[in-house]
$ cat upload-v2.cif   # mmCIF, C-alpha atoms
data_data
loop_
_atom_site.label_atom_id
_atom_site.label_comp_id
_atom_site.auth_asym_id
_atom_site.auth_seq_id
_atom_site.Cartn_x
_atom_site.Cartn_y
_atom_site.Cartn_z
CA MET A 179 -109.98 -217.06 -1.74
CA GLU A 180 -113.58 -216.83 -0.55
CA TYR A 181 -114.89 -216.42 -4.07
CA ASP A 182 -112.72 -219.23 -5.47
CA GLU A 183 -113.93 -221.63 -2.78
CA LYS A 184 -117.55 -220.75 -3.34
CA LEU A 185 -117.10 -221.15 -7.08
CA ALA A 186 -115.47 -224.55 -6.60
CA ARG A 187 -118.27 -225.69 -4.27
CA PHE A 188 -120.84 -224.43 -6.71
CA ARG A 189 -119.34 -226.46 -9.56
CA GLN A 190 -119.01 -229.57 -7.38
CA ALA A 191 -122.68 -229.36 -6.48
CA HIS A 192 -123.61 -229.12 -10.23
CA LEU A 193 -125.94 -226.27 -9.54
CA ASN A 194 -127.53 -224.35 -12.40
CA PRO A 195 -127.52 -220.55 -11.97
CA PHE A 196 -130.37 -220.23 -14.44
CA ASN A 197 -132.84 -222.28 -12.39
CA LYS A 198 -132.63 -220.20 -9.25
CA GLU A 199 -135.18 -217.74 -7.97
CA ILE A 200 -133.99 -214.74 -5.97
CA GLY A 201 -136.06 -214.20 -2.81
CA PRO A 202 -135.85 -212.34 0.46
CA ARG A 203 -133.85 -215.10 2.13
CA GLN A 204 -131.21 -214.78 -0.60
CA HIS A 205 -130.84 -211.06 0.00
CA GLU A 206 -130.52 -211.72 3.74
CA GLN A 207 -127.81 -214.31 3.03
CA ARG A 208 -125.97 -211.86 0.73
CA ALA A 209 -126.06 -209.19 3.46
CA SER A 210 -124.77 -211.61 6.07
CA GLU A 211 -121.93 -212.71 3.72
CA GLU A 212 -120.93 -209.12 3.03
CA THR A 213 -120.84 -208.13 6.73
CA SER A 214 -119.23 -211.26 8.10
CA GLU A 215 -115.96 -212.53 6.66
CA VAL A 216 -115.16 -214.98 9.40
CA ALA A 217 -114.35 -218.60 8.80
CA SER A 218 -113.65 -217.99 5.08
CA GLU A 219 -111.51 -221.06 4.81
CA GLU A 220 -113.81 -223.32 6.82
CA ALA A 221 -116.13 -225.82 5.22
CA LEU A 222 -119.39 -224.33 4.07
CA PRO A 223 -122.54 -225.95 5.42
CA GLU A 224 -124.70 -227.87 3.01
CA LEU A 225 -127.82 -226.19 1.78
CA PRO A 226 -130.96 -227.34 3.58
CA PRO A 227 -133.87 -228.68 1.53
CA GLY A 228 -135.84 -225.92 -0.12
CA GLU A 229 -132.98 -223.42 0.18
CA PRO A 230 -132.29 -221.40 -3.02
CA GLU A 231 -129.46 -223.00 -4.95
CA PHE A 232 -127.06 -220.17 -5.70
CA CYS A 233 -127.03 -216.87 -3.91
CA CYS A 234 -123.53 -215.39 -4.15
CA THR A 235 -123.32 -211.74 -5.17
CA GLU A 236 -120.17 -212.56 -7.13
CA ARG A 237 -121.91 -215.11 -9.30
CA VAL A 238 -121.34 -212.84 -12.31
CA MET A 239 -117.78 -214.09 -12.48
CA ASP A 240 -119.12 -217.47 -13.54
CA LEU A 241 -121.47 -216.12 -16.21
CA GLY A 242 -120.66 -215.50 -19.84
CA LEU A 243 -117.97 -217.26 -21.75
CA SER A 244 -117.17 -219.90 -19.10
CA GLU A 245 -120.63 -221.46 -19.53
CA ASP A 246 -121.94 -223.17 -22.62
CA HIS A 247 -124.90 -221.02 -23.61
CA PHE A 248 -125.08 -222.26 -27.19
CA SER A 249 -127.72 -224.90 -26.52
CA ARG A 250 -130.67 -222.46 -26.65
CA PRO A 251 -131.06 -218.66 -26.97
CA VAL A 252 -133.52 -218.78 -24.03
CA GLN A 253 -130.66 -219.57 -21.67
CA LEU A 254 -128.67 -216.67 -23.11
CA ARG A 255 -131.50 -214.24 -22.39
CA GLN A 256 -131.78 -215.57 -18.84
CA ALA A 257 -128.02 -215.20 -18.35
CA ILE A 258 -128.23 -211.60 -19.62
CA GLU A 259 -130.92 -210.74 -17.08
CA GLU A 260 -128.84 -212.31 -14.32
CA CYS A 261 -125.78 -210.35 -15.37
CA LYS A 262 -127.72 -207.07 -15.50
CA GLN A 263 -129.08 -207.58 -12.00
CA VAL A 264 -125.64 -208.34 -10.60
CA ILE A 265 -124.20 -205.19 -12.22
CA LEU A 266 -126.78 -203.12 -10.34
CA GLU A 267 -125.90 -204.84 -7.05
CA LEU A 268 -122.12 -204.44 -7.30
CA PRO A 269 -120.36 -201.24 -6.12
CA GLU A 270 -120.03 -198.61 -8.83
CA HIS A 271 -116.69 -198.26 -10.65
CA SER A 272 -115.40 -201.46 -9.04
CA GLU A 273 -113.30 -203.99 -10.92
CA LYS A 274 -115.93 -206.69 -10.53
CA GLN A 275 -118.61 -204.42 -11.98
CA LYS A 276 -116.37 -203.69 -14.99
CA ASP A 277 -115.85 -207.44 -15.54
CA ALA A 278 -119.60 -207.95 -15.30
CA VAL A 279 -120.21 -205.29 -17.95
CA VAL A 280 -117.70 -206.98 -20.28
CA ARG A 281 -119.45 -210.33 -19.83
CA LEU A 282 -122.81 -208.73 -20.47
CA ILE A 283 -121.53 -207.39 -23.77
CA HIS A 284 -120.25 -210.84 -24.79
CA LEU A 285 -123.56 -212.44 -23.90
CA ARG A 286 -125.50 -209.92 -25.97
CA LEU A 287 -123.18 -210.43 -28.93
CA LYS A 288 -123.71 -214.18 -28.72
CA LEU A 289 -127.47 -213.70 -28.62
CA GLN A 290 -127.29 -211.44 -31.66
CA GLU A 291 -125.32 -214.06 -33.59
CA LEU A 292 -127.78 -216.80 -32.72
CA LYS A 293 -130.89 -214.87 -33.71
CA ASP A 294 -132.38 -216.88 -36.52
CA PRO A 295 -135.83 -217.62 -37.94
CA ASN A 296 -137.74 -220.62 -36.70
CA GLU A 297 -136.41 -224.03 -37.58
CA ASP A 298 -139.61 -224.78 -39.42
CA GLU A 299 -138.09 -223.76 -42.75
CA PRO A 300 -138.75 -225.33 -46.17
CA ASN A 301 -136.13 -227.78 -47.39
CA ILE A 302 -135.90 -226.16 -50.84
CA ARG A 303 -135.79 -222.45 -51.69
CA VAL A 304 -135.40 -221.03 -55.22
CA LEU A 305 -134.07 -217.47 -55.48
CA LEU A 306 -132.33 -215.71 -58.41
CA GLU A 307 -131.80 -219.08 -60.15
CA HIS A 308 -130.20 -220.42 -56.95
CA ARG A 309 -131.62 -223.74 -55.78
CA PHE A 310 -131.06 -223.73 -52.03
CA TYR A 311 -131.29 -226.92 -49.95
CA LYS A 312 -131.45 -226.88 -46.19
CA GLU A 313 -128.31 -228.38 -44.73
CA LYS A 314 -128.52 -231.25 -42.25
CA SER A 315 -124.92 -231.11 -41.04
CA LYS A 316 -124.49 -229.55 -37.61
CA SER A 317 -120.77 -230.07 -37.03
CA VAL A 318 -119.25 -228.40 -40.11
CA LYS A 319 -118.14 -224.81 -39.54
CA GLN A 320 -118.96 -222.58 -42.51
CA THR A 321 -119.03 -218.86 -43.30
CA CYS A 322 -122.09 -217.08 -44.65
CA ASP A 323 -121.39 -215.67 -48.12
CA LYS A 324 -123.87 -212.86 -47.56
CA CYS A 325 -123.12 -211.43 -44.10
CA ASN A 326 -119.53 -212.74 -43.77
CA THR A 327 -120.18 -214.23 -40.31
CA ILE A 328 -119.83 -217.77 -38.99
CA ILE A 329 -122.71 -220.21 -39.41
CA TRP A 330 -123.32 -222.02 -36.13
CA GLY A 331 -124.78 -225.29 -37.40
CA LEU A 332 -125.95 -226.47 -33.99
CA ILE A 333 -128.39 -223.60 -33.66
CA GLN A 334 -128.77 -221.75 -36.94
CA THR A 335 -130.59 -222.89 -40.05
CA TRP A 336 -128.51 -222.53 -43.21
CA TYR A 337 -128.79 -223.32 -46.90
CA THR A 338 -126.44 -224.27 -49.72
CA CYS A 339 -127.07 -223.72 -53.43
CA THR A 340 -126.68 -226.99 -55.30
CA GLY A 341 -125.50 -225.13 -58.40
CA CYS A 342 -122.78 -222.77 -57.23
CA TYR A 343 -122.40 -223.88 -53.56
CA TYR A 344 -123.37 -220.44 -52.23
CA ARG A 345 -123.87 -220.75 -48.44
CA CYS A 346 -125.88 -218.46 -46.22
CA HIS A 347 -128.08 -218.24 -43.13
CA SER A 348 -131.79 -218.68 -43.64
CA LYS A 349 -132.22 -215.12 -42.35
CA CYS A 350 -129.95 -213.89 -45.18
CA LEU A 351 -131.79 -215.63 -48.02
CA ASN A 352 -134.08 -212.71 -48.82
CA LEU A 353 -131.10 -210.32 -48.86
CA ILE A 354 -129.21 -212.15 -51.63
CA SER A 355 -128.63 -210.05 -54.74
CA LYS A 356 -126.13 -212.26 -56.59
CA PRO A 357 -127.61 -214.64 -59.21
CA CYS A 358 -126.42 -218.23 -59.42
CA VAL A 359 -123.14 -218.57 -61.29
CA ARG A 360 -124.17 -221.92 -62.79
CA SER A 361 -126.71 -220.15 -65.00
CA LYS A 362 -123.84 -218.17 -66.54
CA VAL A 363 -121.87 -221.39 -67.03
CA SER A 364 -124.86 -223.00 -68.75
CA HIS A 365 -125.56 -220.09 -71.11
CA GLN A 366 -122.09 -218.67 -71.69
CA ALA A 367 -119.41 -221.28 -71.06
CA GLU A 368 -116.28 -219.38 -72.05
CA TYR A 369 -113.25 -217.86 -70.40
CA GLU A 370 -111.85 -214.36 -70.32
CA LEU A 371 -108.59 -214.98 -72.23
CA ASN A 372 -107.05 -211.53 -71.76
CA ILE A 373 -104.59 -211.43 -68.87
CA CYS A 374 -106.04 -209.25 -66.07
CA PRO A 375 -107.97 -206.83 -68.33
CA GLU A 376 -107.92 -203.85 -65.95
CA THR A 377 -109.83 -200.70 -66.89
CA GLY A 378 -109.41 -198.68 -63.69
CA LEU A 379 -111.56 -197.64 -60.75
CA ASP A 380 -112.91 -194.62 -62.61
CA SER A 381 -114.66 -196.91 -65.11
CA GLN A 382 -116.46 -198.48 -62.12
CA ASP A 383 -117.37 -195.07 -60.66
CA TYR A 384 -115.22 -196.01 -57.65
CA ARG A 385 -117.71 -198.68 -56.65
CA CYS A 386 -117.56 -202.44 -56.20
CA ALA A 387 -118.12 -204.24 -59.49
CA GLU A 388 -120.64 -206.55 -57.86
CA CYS A 389 -122.51 -204.91 -54.98
CA ARG A 390 -121.79 -201.28 -56.01
CA ALA A 391 -120.51 -200.33 -52.55
CA PRO A 392 -118.10 -197.34 -52.47
CA ILE A 393 -114.43 -198.41 -52.57
CA SER A 394 -111.00 -196.83 -52.96
CA LEU A 395 -107.36 -197.89 -52.99
CA ARG A 396 -106.79 -195.95 -49.77
CA GLY A 397 -109.26 -198.18 -47.93
CA VAL A 398 -111.77 -195.38 -47.26
CA PRO A 399 -114.63 -196.15 -46.94
CA SER A 400 -113.75 -199.71 -48.05
CA GLU A 401 -110.63 -201.34 -49.46
CA ALA A 402 -110.58 -201.94 -53.23
CA ARG A 403 -109.38 -205.45 -54.08
CA GLN A 404 -108.58 -206.41 -57.65
CA CYS A 405 -109.66 -209.70 -59.20
CA ASP A 406 -106.89 -211.09 -61.40
CA TYR A 407 -109.42 -212.90 -63.61
CA THR A 408 -111.80 -210.05 -64.51
CA GLY A 409 -109.42 -207.16 -63.81
CA GLN A 410 -112.18 -205.38 -61.88
CA TYR A 411 -112.16 -204.09 -58.31
CA TYR A 412 -114.36 -205.40 -55.49
CA CYS A 413 -115.07 -204.60 -51.85
CA SER A 414 -113.94 -206.84 -48.99
CA HIS A 415 -117.39 -208.47 -48.78
CA CYS A 416 -117.25 -209.60 -52.44
CA HIS A 417 -113.50 -210.34 -52.55
CA TRP A 418 -112.10 -212.59 -49.81
CA ASN A 419 -108.62 -212.92 -51.35
CA ASP A 420 -109.39 -216.43 -52.59
CA LEU A 421 -106.74 -217.97 -54.84
CA ALA A 422 -107.38 -219.59 -58.22
CA VAL A 423 -105.49 -220.52 -61.37
CA ILE A 424 -106.14 -217.97 -64.14
CA PRO A 425 -106.98 -219.59 -67.54
CA ALA A 426 -105.56 -216.69 -69.59
CA ARG A 427 -102.18 -217.03 -67.88
CA VAL A 428 -102.20 -220.78 -68.50
CA VAL A 429 -102.91 -220.73 -72.25
CA HIS A 430 -100.62 -217.76 -72.98
CA ASN A 431 -97.77 -218.16 -70.47
CA TRP A 432 -98.18 -221.74 -69.20
CA ASP A 433 -98.36 -220.11 -65.76
CA PHE A 434 -100.22 -222.06 -63.06
CA GLU A 435 -99.51 -219.83 -60.07
CA PRO A 436 -102.79 -219.14 -58.15
CA ARG A 437 -103.78 -215.50 -57.89
CA LYS A 438 -106.36 -213.55 -55.93
CA VAL A 439 -109.88 -213.52 -57.36
CA SER A 440 -113.31 -212.39 -56.20
CA ARG A 441 -115.86 -214.79 -54.75
CA CYS A 442 -117.97 -214.73 -57.91
CA SER A 443 -114.96 -215.41 -60.14
CA MET A 444 -113.80 -218.21 -57.84
CA ARG A 445 -117.17 -219.98 -58.13
CA TYR A 446 -117.25 -219.50 -61.88
CA LEU A 447 -113.73 -220.89 -62.34
CA ALA A 448 -114.53 -223.82 -60.02
CA LEU A 449 -117.59 -224.74 -62.11
CA MET A 450 -115.71 -224.31 -65.39
CA VAL A 451 -112.54 -226.19 -64.43
CA SER A 452 -113.63 -229.50 -66.03
CA ARG A 453 -115.43 -228.07 -69.07
CA PRO A 454 -113.53 -228.60 -72.37
CA VAL A 455 -113.88 -225.14 -73.89
CA LEU A 456 -110.25 -224.36 -74.80
CA ARG A 457 -109.22 -224.98 -78.41
CA LEU A 458 -105.47 -224.62 -77.96
CA ARG A 459 -104.57 -224.86 -81.65
CA GLU A 460 -106.54 -221.70 -82.32
CA ILE A 461 -105.79 -219.78 -79.12
CA ASN A 462 -102.03 -220.42 -78.94
CA PRO A 463 -100.68 -222.91 -81.51
CA LEU A 464 -97.09 -222.13 -80.49
CA LEU A 465 -97.72 -223.68 -77.09
CA PHE A 466 -97.17 -227.17 -78.55
CA ASN A 467 -93.67 -226.14 -79.65
CA TYR A 468 -92.60 -225.30 -76.09
CA VAL A 469 -94.52 -227.80 -73.93
CA GLU A 470 -93.48 -231.38 -74.63
CA GLU A 471 -96.22 -232.82 -72.43
CA LEU A 472 -98.90 -231.40 -74.72
CA VAL A 473 -97.31 -233.01 -77.79
CA GLU A 474 -97.32 -236.42 -76.10
CA ILE A 475 -100.90 -236.02 -74.89
CA ARG A 476 -102.08 -234.97 -78.35
CA LYS A 477 -100.52 -238.09 -79.90
CA LEU A 478 -102.16 -240.35 -77.28
CA ARG A 479 -105.54 -238.70 -77.87
CA GLN A 480 -105.22 -239.20 -81.63
CA ASP A 481 -104.42 -242.89 -81.09
CA ILE A 482 -107.44 -243.32 -78.81
CA LEU A 483 -109.69 -241.82 -81.50
CA LEU A 484 -108.28 -244.39 -83.96
CA MET A 485 -109.05 -247.18 -81.48
CA LYS A 486 -112.63 -246.05 -80.91
CA PRO A 487 -114.09 -247.69 -84.10
CA TYR A 488 -112.68 -251.04 -82.97
CA PHE A 489 -114.50 -250.85 -79.64
CA ILE A 490 -117.79 -249.67 -81.11
CA THR A 491 -117.97 -252.73 -83.38
CA CYS A 492 -116.59 -255.20 -80.83
CA LYS A 493 -119.10 -257.04 -78.65
CA GLU A 494 -116.53 -257.95 -75.99
CA ALA A 495 -115.32 -254.37 -75.72
CA MET A 496 -118.87 -253.10 -75.35
CA GLU A 497 -119.58 -255.65 -72.62
CA ALA A 498 -116.35 -254.73 -70.81
CA ARG A 499 -117.18 -251.02 -71.26
CA LEU A 500 -113.63 -250.15 -72.09
CA LEU A 501 -114.48 -246.65 -73.23
CA LEU A 502 -115.72 -245.87 -69.71
CA GLN A 503 -112.08 -245.73 -68.69
CA LEU A 504 -112.31 -242.14 -69.97
CA GLN A 505 -115.71 -241.26 -68.55
CA ASP A 506 -114.21 -238.38 -66.56
CA ARG A 507 -112.80 -236.93 -69.78
CA GLN A 508 -115.51 -237.77 -72.28
CA HIS A 509 -114.18 -235.23 -74.78
CA PHE A 510 -111.07 -237.39 -75.24
CA VAL A 511 -113.15 -239.94 -77.21
CA GLU A 512 -114.85 -237.22 -79.26
CA ASN A 513 -111.98 -235.03 -80.54
CA ASP A 514 -108.32 -234.23 -79.97
CA GLU A 515 -108.57 -230.43 -79.97
CA MET A 516 -110.60 -229.37 -76.94
CA TYR A 517 -109.02 -229.07 -73.49
CA SER A 518 -110.25 -228.10 -70.05
CA ILE A 519 -108.27 -226.25 -67.40
CA GLN A 520 -108.22 -229.48 -65.38
CA ASP A 521 -106.59 -231.24 -68.36
CA LEU A 522 -103.87 -228.61 -68.50
CA LEU A 523 -103.36 -228.71 -64.74
CA ASP A 524 -102.95 -232.49 -64.84
CA ALA A 525 -100.66 -232.22 -67.87
CA HIS A 526 -98.49 -229.75 -65.98
CA THR A 527 -98.18 -232.08 -62.97
CA GLY A 528 -97.66 -235.18 -65.16
CA ARG A 529 -100.78 -237.00 -63.99
CA LEU A 530 -102.59 -236.77 -67.33
CA GLY A 531 -99.71 -238.22 -69.32
CA CYS A 532 -99.41 -241.21 -66.97
CA SER A 533 -103.14 -241.97 -66.92
CA LEU A 534 -103.49 -241.66 -70.70
CA THR A 535 -100.48 -243.93 -71.24
CA GLU A 536 -102.09 -246.60 -69.03
CA THR A 537 -105.40 -246.30 -70.87
CA HIS A 538 -103.64 -246.43 -74.25
CA THR A 539 -101.79 -249.61 -73.22
CA LEU A 540 -105.03 -251.24 -72.02
CA PHE A 541 -106.86 -250.41 -75.26
CA ALA A 542 -103.99 -251.61 -77.47
CA LYS A 543 -103.72 -254.86 -75.52
CA HIS A 544 -107.39 -255.64 -76.14
CA ILE A 545 -107.14 -254.94 -79.88
CA LYS A 546 -103.81 -256.62 -80.63
CA LEU A 547 -103.75 -259.52 -78.14
CA ASP A 548 -107.00 -260.27 -76.33
CA CYS A 549 -109.70 -259.99 -79.01
CA GLU A 550 -109.64 -262.06 -82.21
CA ARG A 551 -112.33 -259.94 -83.86
CA CYS A 552 -110.27 -256.80 -83.42
CA GLN A 553 -107.11 -258.58 -84.62
CA ALA A 554 -108.92 -259.57 -87.83
CA LYS A 555 -109.45 -255.89 -88.59
CA GLY A 556 -105.73 -255.26 -88.87
CA PHE A 557 -103.88 -254.30 -92.06
CA VAL A 558 -101.02 -255.70 -94.12
CA CYS A 559 -98.67 -253.27 -95.81
CA GLU A 560 -99.54 -253.55 -99.52
CA LEU A 561 -96.33 -251.84 -100.54
CA CYS A 562 -93.89 -254.37 -99.10
CA ARG A 563 -96.29 -257.18 -98.05
CA GLU A 564 -93.95 -258.06 -95.22
CA GLY A 565 -94.06 -257.82 -91.47
CA ASP A 566 -96.75 -258.23 -88.84
CA VAL A 567 -100.35 -257.10 -88.88
CA LEU A 568 -100.50 -253.33 -88.73
CA PHE A 569 -102.92 -251.05 -86.90
CA PRO A 570 -103.45 -247.33 -87.49
CA PHE A 571 -102.37 -246.42 -83.93
CA ASP A 572 -98.97 -248.14 -84.18
CA SER A 573 -96.07 -245.72 -83.88
CA HIS A 574 -94.25 -247.00 -87.00
CA THR A 575 -97.21 -246.79 -89.39
CA SER A 576 -98.78 -244.19 -91.64
CA VAL A 577 -102.43 -243.95 -92.63
CA CYS A 578 -103.74 -242.92 -96.04
CA THR A 579 -105.90 -239.85 -95.64
CA GLU A 580 -108.25 -240.94 -98.45
CA CYS A 581 -109.02 -244.60 -97.76
CA SER A 582 -107.55 -245.08 -94.24
CA ALA A 583 -105.31 -247.92 -95.38
CA VAL A 584 -102.30 -248.58 -93.14
CA PHE A 585 -98.69 -248.94 -94.34
CA HIS A 586 -95.23 -248.99 -92.87
CA ARG A 587 -94.11 -245.41 -92.50
CA ASP A 588 -90.88 -245.98 -94.40
CA CYS A 589 -92.70 -247.76 -97.24
CA TYR A 590 -95.35 -245.07 -97.47
CA TYR A 591 -92.94 -242.15 -97.76
CA ASP A 592 -90.34 -243.97 -99.93
CA ASN A 593 -92.96 -245.03 -102.48
CA SER A 594 -93.92 -242.07 -104.65
CA THR A 595 -96.79 -243.91 -106.36
CA THR A 596 -100.38 -243.58 -105.27
CA CYS A 597 -101.97 -245.71 -102.60
CA PRO A 598 -102.74 -249.23 -103.98
CA LYS A 599 -106.11 -249.34 -102.26
CA CYS A 600 -107.10 -245.94 -103.63
CA ALA A 601 -106.10 -247.12 -107.12
CA ARG A 602 -108.29 -250.24 -106.82
CA LEU A 603 -111.24 -248.22 -105.62
CA THR A 604 -110.87 -245.82 -108.55
CA LEU A 605 -110.81 -248.66 -111.10
CA ARG A 606 -113.85 -250.26 -109.46
CA LYS A 607 -115.83 -247.05 -109.70
CA GLN A 608 -114.86 -246.63 -113.36
CA SER A 609 -115.95 -250.15 -114.19
CA LEU A 610 -119.30 -249.72 -112.46
CA PHE A 611 -120.16 -246.46 -114.23
CA GLN A 612 -118.68 -247.39 -117.64
CA GLU A 613 -121.32 -247.42 -120.41
CA PRO A 614 -121.80 -250.78 -122.22
CA GLY A 615 -120.67 -250.89 -125.91
CA PRO A 616 -123.06 -251.57 -128.93
CA ASP A 617 -123.94 -255.17 -129.72
CA VAL A 618 -122.18 -256.13 -132.92
CA ASP A 619 -123.69 -259.64 -133.05
CA ALA A 620 -127.36 -258.74 -132.89
#

$ encode --input "upload-v2.cif" --output "structure tokens"
Amino acid sequence: MEYDEKLARFRQAHLNPFNKEIGPRQHEQRASEETSEVASEEALPELPPGEPEFCCTERVMDLGLSEDHFSRPVQLRQAIEECKQVILELPEHSEKQKDAVVRLIHLRLKLQELKDPNEDEPNIRVLLEHRFYKEKSKSVKQTCDKCNTIIWGLIQTWYTCTGCYYRCHSKCLNLISKPCVRSKVSHQAEYELNICPETGLDSQDYRCAECRAPISLRGVPSEARQCDYTGQYYCSHCHWNDLAVIPARVVHNWDFEPRKVSRCSMRYLALMVSRPVLRLREINPLLFNYVEELVEIRKLRQDILLMKPYFITCKEAMEARLLLQLQDRQHFVENDEMYSIQDLLDAHTGRLGCSLTETHTLFAKHIKLDCERCQAKGFVCELCREGDVLFPFDSHTSVCTECSAVFHRDCYYDNSTTCPKCARLTLRKQSLFQEPGPDVDA
């Protein structure tokens, strides 16, 4: 009760234990408090002017984790000295001395975590093709990718690579041995398309594939964790059990279940997710026979490629920047073969089919209804000469592969003769290159 009351009075008075100075009068007061235990529940007299602020021998109970020592490491060092002095003053092997030792350990651990170089650090650091920028955010809690400890933004200086988003303390910068993953993406943008190509720990000499630390499946000296993307084994510092979708499982099995990968593989897959590097017709052409969404998306992409010439030659379409509707998937207006993992993810969830259908409807509306110039570039079926104006992206039309003329699909396949436009072009070429006959009437 005596200690609780003194602690309550200390907090009410807003006294700071780090601003006190221990003098002879404090030791006398401690001795008098230890020998006399009378009037423990009575009101304590106010401190006279000039009296030291806090002089209880049990002040250690209020040090450590109950105080906020994260403002400056100087306060932590002062609290450590206070705690050490109190340990010496308390009776040996007592419960209070044991509690004081525990608090001293916590304070020293906090000080060790907060040790950091001076804040006068450069804003940009370039190491191993990483381009590190000093972070300004103080409230976001992050984990250092090098030492695996928490980054305390309020105190510690930390950097983030703008290429691969590698985060670390400023004190860990010179210890980094992993090159930037973006350089690999820039020079070798391709996936490992074999499903978990494992070769065994013996091929790695029972060492981590990245940092070369000793590992084993028994966890001695460090646990071996397999990356489902590379098939290799990593230590716990290089493999945090992050989950990612494996491209090989997607293109071969249409399997989107996330699996455990190493930190390096996770960054590589995150940077590659929007890059169109998958040519599905060559990798797995049978996939279009089993996934209906891909067949629909391929048809929409082919129609958009047929609409592109209309927009390039249309002034209104260029001013409206209709093609920018697909700026996030620029490869859709360049070809219909290349896919990114993000495309396949969105196709699996149905988002890609919906967004492409909306874009297709918007483009067709401009060509067939809104723009007279684009309407004038339509076709009339020369086989039946009936019906409305036709466009190559209409679902009921067929396009000649030689001259790009457009016909009704039924007319085109029912008529076994050659394309009328191709026939005219052939006759025109023959007439232009035909040699003139001799002049009989000279």

$ atom_distance --input "upload-v2.cif" --atom1 "atom CA of Ser609 of chain A" --atom2 "atom CA of Cys589 of chain A"
28.9 Å

$ atom_distance --input "upload-v2.cif" --atom1 "atom CA of Thr335 of chain A" --atom2 "atom CA of Met450 of chain A"
29.4 Å

$ atom_distance --input "upload-v2.cif" --atom1 "atom CA of Cys549 of chain A" --atom2 "atom CA of Cys597 of chain A"
28.6 Å

$ residues_near_point --input "upload-v2.cif" --point "(-114.7, -202.8, -61.1)" --cutoff "8 Å" --atoms "all atoms listed in the file" --output "number ranges by chain"
A: 377-379, 381-382, 384-388, 404, 409-412

$ resolve_selection --input "upload-v2.cif" --expression "the PyMOL selection byres ((chain A and resi 598-608) around 9)" --output "list in words"
Glu560, Leu561, Cys578, Glu580, Cys581, Ala583, Thr595, Thr596, Cys597, Ser609, Leu610, Phe611 and Gln612 of chain A

$ residues_around --input "upload-v2.cif" --residues "Pro399 of chain A" --least-positions-apart "2" --cutoff "12 Å" --atoms "all atoms listed in the file" --output "VMD selection string"
chain A and resid 384 to 386 391 to 397 401 to 402 413 to 414

$ resolve_selection --input "upload-v2.cif" --expression "the PyMOL selection byres ((chain A and resi 584) around 9)" --output "tab-separated table (two decimals) with C-alpha atoms, keeping the file's coordinate frame"
chain	number	residue	atom	x	y	z
A	556	GLY	CA	-105.73	-255.26	-88.87
A	557	PHE	CA	-103.88	-254.30	-92.06
A	558	VAL	CA	-101.02	-255.70	-94.12
A	559	CYS	CA	-98.67	-253.27	-95.81
A	560	GLU	CA	-99.54	-253.55	-99.52
A	568	LEU	CA	-100.50	-253.33	-88.73
A	569	PHE	CA	-102.92	-251.05	-86.90
A	570	PRO	CA	-103.45	-247.33	-87.49
A	575	THR	CA	-97.21	-246.79	-89.39
A	576	SER	CA	-98.78	-244.19	-91.64
A	577	VAL	CA	-102.43	-243.95	-92.63
A	578	CYS	CA	-103.74	-242.92	-96.04
A	582	SER	CA	-107.55	-245.08	-94.24
A	583	ALA	CA	-105.31	-247.92	-95.38
A	585	PHE	CA	-98.69	-248.94	-94.34
A	586	HIS	CA	-95.23	-248.99	-92.87
A	587	ARG	CA	-94.11	-245.41	-92.50
A	590	TYR	CA	-95.35	-245.07	-97.47

$ residues_around --input "upload-v2.cif" --residues "Glu368 of chain A" --least-positions-apart "3" --cutoff "9 Å" --atoms "all atoms listed in the file" --output "PyMOL selection string"
chain A and resi 363+371+450+455-456

$ residues_around --input "upload-v2.cif" --residues "Ala495 of chain A" --least-positions-apart "3" --cutoff "12 Å" --atoms "all atoms listed in the file" --output "PyMOL selection string"
chain A and resi 485-492+498-503+540-545+548-552

$ resolve_selection --input "upload-v2.cif" --expression "the PyMOL selection byres ((chain A and resi 364) around 12)" --output "PyMOL selection string"
chain A and resi 307+341-342+358-363+365-368+446+449-450+453
